[in-house]
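J.: Just entry_39.txt, nothing more (compact mmCIF, C-alpha atoms):
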# COMPACT_ATOMS: atom_id res chain seq x y z
CA MET A 631 46.64 82.61 62.86
CA SER A 632 43.81 81.00 60.94
CA ASN A 633 44.17 83.44 58.02
CA SER A 634 47.93 82.84 57.87
CA ASN A 635 47.50 79.06 57.74
CA ASN A 636 44.93 79.33 54.94
CA LYS A 637 47.30 81.42 52.82
CA GLN A 638 50.18 78.96 53.26
CA GLN A 639 48.08 75.89 52.33
CA GLY A 640 46.47 77.64 49.40
CA SER A 641 42.89 77.41 48.24
CA GLY A 642 41.43 75.58 45.27
CA GLY A 643 41.22 78.79 43.25
CA GLY A 644 44.64 80.26 44.17
CA SER A 645 47.60 80.25 41.77
CA ALA A 646 50.60 78.00 42.47
CA PRO A 647 53.74 79.76 43.68
CA ALA A 648 56.63 80.16 41.26
CA GLY A 649 58.98 77.15 41.15
CA ALA A 650 56.41 74.76 42.65
CA ALA A 651 56.46 71.18 41.33
CA ALA A 652 53.84 70.17 38.74
CA ALA A 653 50.88 68.19 40.01
CA ALA A 654 51.47 64.43 40.05
CA PRO A 655 49.33 62.31 37.72
CA ALA A 656 46.40 60.46 39.17
CA ALA A 657 47.10 57.08 40.69
CA GLY A 658 47.12 54.30 38.06
CA ALA A 659 47.29 56.72 35.11
CA PRO A 660 49.85 55.72 32.41
CA PRO A 661 52.81 58.05 31.87
CA ALA A 662 52.51 60.39 28.93
CA ALA A 663 54.55 59.41 25.87
CA ALA A 664 57.17 61.85 24.61
CA THR A 665 56.09 63.99 21.68
CA GLY A 666 56.79 62.33 18.36
CA SER A 667 57.83 59.00 19.89
CA THR A 668 56.23 55.61 19.34
CA PRO A 669 55.28 53.74 22.52
CA VAL A 670 57.24 50.53 22.76
CA ALA A 671 56.54 47.77 25.25
CA THR A 672 59.20 45.31 26.35
CA PRO A 673 58.78 42.07 28.29
CA SER A 674 59.82 43.83 31.49
CA THR A 675 56.90 46.25 31.40
CA GLY A 676 54.37 43.54 32.22
CA SER A 677 51.69 45.31 30.21
CA LEU A 678 51.52 45.34 26.42
CA ALA A 679 54.16 42.70 25.82
CA SER A 680 52.90 40.21 28.37
CA SER A 681 49.23 40.02 27.34
CA PRO A 682 48.15 39.35 23.73
CA ALA A 683 44.67 40.57 24.65
CA SER A 684 46.08 44.06 25.22
CA TRP A 685 47.89 44.27 21.88
CA CYS A 686 46.29 46.34 19.18
CA VAL A 687 46.02 45.33 15.55
CA GLY A 688 49.17 46.33 13.70
CA CYS A 689 51.61 45.77 16.59
CA GLN A 690 54.97 44.43 15.47
CA ILE A 691 55.46 41.31 17.57
CA THR A 692 58.59 39.21 18.08
CA LEU A 693 58.19 36.15 20.30
CA SER A 694 59.67 32.74 21.02
CA THR A 695 57.50 29.64 21.34
CA THR A 696 57.77 26.60 23.57
CA LEU A 697 58.79 24.69 20.43
CA GLY A 698 62.00 26.74 20.21
CA GLU A 699 60.92 28.87 17.26
CA VAL A 700 61.30 32.65 17.02
CA VAL A 701 58.34 34.26 15.28
CA LYS A 702 58.11 37.84 14.05
CA GLY A 703 55.14 39.48 12.41
CA GLU A 704 52.36 42.02 12.48
CA LEU A 705 49.33 41.34 14.67
CA PHE A 706 46.42 40.74 12.32
CA ALA A 707 43.80 39.56 14.82
CA TYR A 708 43.31 38.05 18.29
CA ASP A 709 40.53 35.76 19.49
CA GLY A 710 40.10 35.74 23.25
CA LYS A 711 37.79 32.72 23.30
CA SER A 712 40.34 30.39 21.72
CA ASN A 713 43.30 32.45 23.02
CA CYS A 714 44.79 32.48 19.53
CA LEU A 715 46.53 35.32 17.75
CA VAL A 716 46.99 35.75 14.03
CA LEU A 717 50.27 37.19 12.76
CA ARG A 718 50.90 38.46 9.27
CA GLU A 719 54.41 37.61 8.08
CA PRO A 720 56.11 38.79 4.88
CA ALA A 721 56.40 36.02 2.29
CA THR A 722 59.59 36.95 0.49
CA GLY A 723 59.55 36.04 -3.17
CA GLU A 724 55.90 34.97 -3.23
CA LYS A 725 53.36 36.97 -5.23
CA GLU A 726 50.36 34.64 -5.10
CA ASN A 727 48.69 36.30 -2.11
CA THR A 728 48.69 39.77 -3.60
CA THR A 729 46.03 41.32 -5.74
CA PRO A 730 46.37 40.46 -9.43
CA ASN A 731 47.49 44.00 -10.33
CA SER A 732 49.67 44.49 -7.26
CA THR A 733 53.47 44.48 -7.33
CA SER A 734 53.89 44.23 -3.54
CA GLU A 735 54.96 41.03 -1.83
CA GLY A 736 52.39 38.67 -0.35
CA HIS A 737 52.08 37.56 3.24
CA ASN A 738 51.86 34.36 5.19
CA ILE A 739 49.19 34.13 7.87
CA ARG A 740 50.27 32.29 11.02
CA ILE A 741 47.86 31.29 13.81
CA ILE A 742 49.48 30.78 17.23
CA ASN A 743 47.89 29.55 20.44
CA ALA A 744 49.00 32.02 23.11
CA ASN A 745 49.55 29.14 25.53
CA TYR A 746 52.58 28.18 23.42
CA ILE A 747 54.24 31.59 23.77
CA LYS A 748 57.37 31.14 25.85
CA LYS A 749 58.57 34.74 25.87
CA VAL A 750 57.67 38.00 24.16
CA LEU A 751 60.88 39.53 22.90
CA SER A 752 59.32 42.79 21.72
CA ALA A 753 55.92 44.34 21.04
CA GLU A 754 55.88 47.70 19.31
CA GLN A 755 52.81 49.83 18.80
CA PRO A 756 52.16 50.79 15.17
CA SER A 757 52.96 54.37 14.24
CA PRO A 758 50.39 56.58 12.45
CA THR A 759 52.52 56.32 9.31
CA SER A 760 52.82 52.53 9.38
CA THR A 761 51.71 50.40 6.46
CA LEU A 762 48.77 49.03 8.45
CA ALA A 763 47.54 52.51 9.33
CA LYS A 764 47.50 53.40 5.64
CA GLU A 765 45.67 50.18 4.82
CA GLN A 766 42.89 50.56 7.40
CA ASN A 767 40.32 51.43 4.73
CA ASN A 768 41.63 48.97 2.16
CA PRO A 769 40.03 45.56 1.56
CA LEU A 770 41.58 42.41 3.00
CA PRO A 771 44.54 40.97 1.07
CA TYR A 772 43.71 38.80 -1.91
CA VAL A 773 43.87 35.07 -1.19
CA CYS A 774 44.63 32.69 -4.03
CA MET A 775 42.11 29.92 -3.39
CA LYS A 776 43.69 27.64 -5.98
CA ARG A 777 47.03 27.76 -4.18
CA ALA A 778 45.32 27.27 -0.81
CA GLU A 779 43.50 24.19 -2.12
CA GLN A 780 46.76 22.82 -3.53
CA ARG A 781 48.47 23.28 -0.17
CA GLU A 782 45.58 21.57 1.60
CA ALA A 783 45.61 18.64 -0.82
CA LYS A 784 49.36 18.21 -0.44
CA ALA A 785 49.14 18.39 3.37
CA LEU A 786 46.42 15.72 3.40
CA GLN A 787 48.40 13.54 1.02
CA ASP A 788 51.55 13.85 3.16
CA ALA A 789 49.59 13.09 6.33
CA LYS A 790 48.05 10.00 4.74
CA LYS A 791 51.47 8.84 3.57
CA ARG A 792 52.95 9.26 7.05
CA ALA A 793 50.02 7.37 8.60
CA GLU A 794 50.52 4.46 6.18
CA GLN A 795 54.15 4.20 7.27
CA ILE A 796 53.21 3.54 10.89
CA GLY A 797 52.57 -0.12 11.62
CA VAL A 798 49.45 -1.10 13.55
CA GLY A 799 50.03 -3.50 16.43
CA VAL A 800 53.74 -3.90 15.68
CA THR A 801 56.66 -3.64 18.08
CA ARG A 802 59.00 -0.70 18.34
CA GLU A 803 61.77 -2.84 16.86
CA ALA A 804 59.58 -3.66 13.85
CA GLN A 805 58.90 0.03 13.25
CA LYS A 806 62.63 0.75 13.53
CA VAL A 807 63.34 -1.84 10.81
CA PHE A 808 60.63 -0.36 8.59
CA ASP A 809 61.96 3.18 8.98
CA GLY A 810 65.55 2.05 8.33
CA VAL A 811 64.75 0.19 5.12
CA ASN A 812 62.29 2.86 3.96
CA LYS A 813 65.07 5.48 3.92
CA THR A 814 66.60 3.87 0.83
CA LEU A 815 63.88 1.57 -0.52
CA PRO A 816 60.14 2.34 -0.54
CA CYS A 817 58.25 0.13 1.92
CA LYS A 818 54.68 -0.47 2.96
CA TRP A 819 52.98 -2.46 5.68
CA LYS A 820 50.95 -5.58 4.88
CA ASP A 821 49.38 -6.43 8.21
CA LYS A 822 52.54 -6.91 10.33
CA ASP A 823 54.84 -7.74 7.42
CA ILE A 824 57.11 -5.26 5.66
CA VAL A 825 56.93 -5.29 1.86
CA VAL A 826 59.86 -3.69 0.02
CA LEU A 827 59.24 -2.57 -3.57
CA GLY A 828 56.65 -5.31 -3.84
CA GLU A 829 59.56 -7.74 -4.23
CA VAL A 830 60.90 -8.54 -0.75
CA THR A 831 58.79 -9.37 2.31
CA ILE A 832 60.23 -9.15 5.81
CA VAL A 833 58.31 -11.01 8.51
CA SER A 834 58.68 -11.09 12.28
CA PRO A 835 61.23 -11.03 13.91
CA TYR A 836 62.48 -8.98 10.93
CA GLY A 837 66.00 -10.39 10.59
CA ILE A 838 68.01 -11.27 7.50
CA ASP A 839 66.75 -14.86 7.76
CA ASN A 840 63.12 -13.68 7.77
CA CYS A 841 63.07 -12.36 4.19
CA THR A 842 61.36 -13.84 1.18
CA VAL A 843 61.81 -12.59 -2.36
CA VAL A 844 60.00 -12.95 -5.65
CA LYS A 845 61.88 -14.55 -8.49
CA GLY A 846 64.27 -12.22 -10.28
CA ALA A 847 64.60 -9.67 -7.43
CA GLU A 848 67.65 -11.14 -5.73
CA ALA A 849 69.53 -7.85 -6.05
CA THR A 850 66.84 -6.13 -4.01
CA LEU A 851 67.08 -8.87 -1.40
CA GLU A 852 70.83 -8.36 -1.03
CA HIS A 853 70.33 -4.64 -0.54
CA VAL A 854 67.66 -5.25 2.09
CA LYS A 855 69.96 -7.64 3.98
CA LYS A 856 72.73 -5.03 4.01
CA VAL A 857 70.33 -2.51 5.53
CA LEU A 858 69.14 -5.02 8.14
CA ASN A 859 72.73 -5.76 9.13
CA SER A 860 73.42 -2.05 9.57
CA LEU A 861 70.45 -1.71 11.94
CA LYS A 862 71.83 -4.22 14.43
What does the file become when written as structure tokens?
T.:
Amino acid sequence: MSNSNNKQQGSGGGSAPAGAAAAAPAAGAPPAAATGSTPVATPSTGSLASSPASWCVGCQITLSTTLGEVVKGELFAYDGKSNCLVLREPATGEKENTTPNSTSEGHNIRIINANYIKKVLSAEQPSPTSTLAKEQNNPLPYVCMKRAEQREAKALQDAKKRAEQIGVGVTREAQKVFDGVNKTLPCKWKDKDIVVLGEVTIVSPYGIDNCTVVKGAEATLEHVKKVLNSLK
């Protein structure tokens, strides 16, 4: 009986009987991808798509942010310490970020804090024939420093302009009046007074009877009063 039982159970060196099922993969091992296919992760997998730290460089990512924006691009880098990922997006019609002798389109570089990712819509692994795979040994894309400096200067100028349009120590109603008049006539704050075109001054409580005007600018005053009436 002992010999018969040994034959039925099989030994480590014996051959498997015909028609027997193939051995199951080890516990925790990922399933093998089909030959010639590109592994694709979806949000339901809970693996590649749900964790930026597990994405590899070159993944094609589509995600929505908590700000309601849908972003699509190629993963350029990920920093675990700051939990930020860098996506490379095509910049249609822009040539400034390409090498001087290149005819290919440039790219925008977007940095996203992973905490602001609302949902990952798709995350596809790069194929061996992808553009990134071919560029692995190429230098980093050319960056036009002049254009970058111009963008920085403009951003700083716009930020300064926006800051100057916010009154310090004024009421919400005063700011509402400033914003309303500023839509059609350039304004600036002088302490808590609103100065329009350097010709009309609106003081608290910022009504039509609280306006003073320099001589010869009565037309501007009439326009300001019309705007103030429309804000009531």
J.: Could you tell me which of A:Gly736, A:Pro682, A:Pro720, A:Pro756 comes closest to Val773 in chain A if we count all atoms listed in the file?
T.: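 Closest candidate: A:Gly736.
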J.: Just how far from CA of Cys817 in chain A is CA of Asp788 in chain A, in Å to one decimal?
T.: 15.3 Å
J.: Could you check how far CA of Arg718 in chain A sits from CA of Pro771 in chain A, in Å to one decimal?
T.: 10.7 Å
J.: Could you tell me how far CA of Ser694 in chain A lies from CA of Asp709 in chain A, in Å and to one decimal?
T.: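 Result for CA of Ser694 in chain A versus CA of Asp709 in chain A: 19.4 Å, one decimal.
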J.: Report as an MDAnalysis selection string all protein, DNA and RNA residues lying within 7 Å of range 833-843 of chain A, evaluated on only C-alpha atoms, omitting residues in the same chain fewer than 3 positions from it.
T.: chainID A and resid 804 823:824 829:830 847:848 851 855 858
J.: Using 4 Å of padding on each side, determine the axis-aligned box around all atoms of range 817-823 of chain A present in the file and give its centre and edge lengths in Å to one decimal, as lines of an AutoDock Vina configuration file.
T.:
center_x = 53.8
center_y = -3.8
center_z = 6.1
size_x = 16.9
size_y = 15.9
size_z = 16.4
J.: Set the distance at 10 Å and use only C-alpha atoms: which residues neighbour Val700 in chain A once local chain neighbours fewer than 3 positions away are removed? I'd like the list as a ChimeraX atom specification.
T.: /A:692-697,747-751
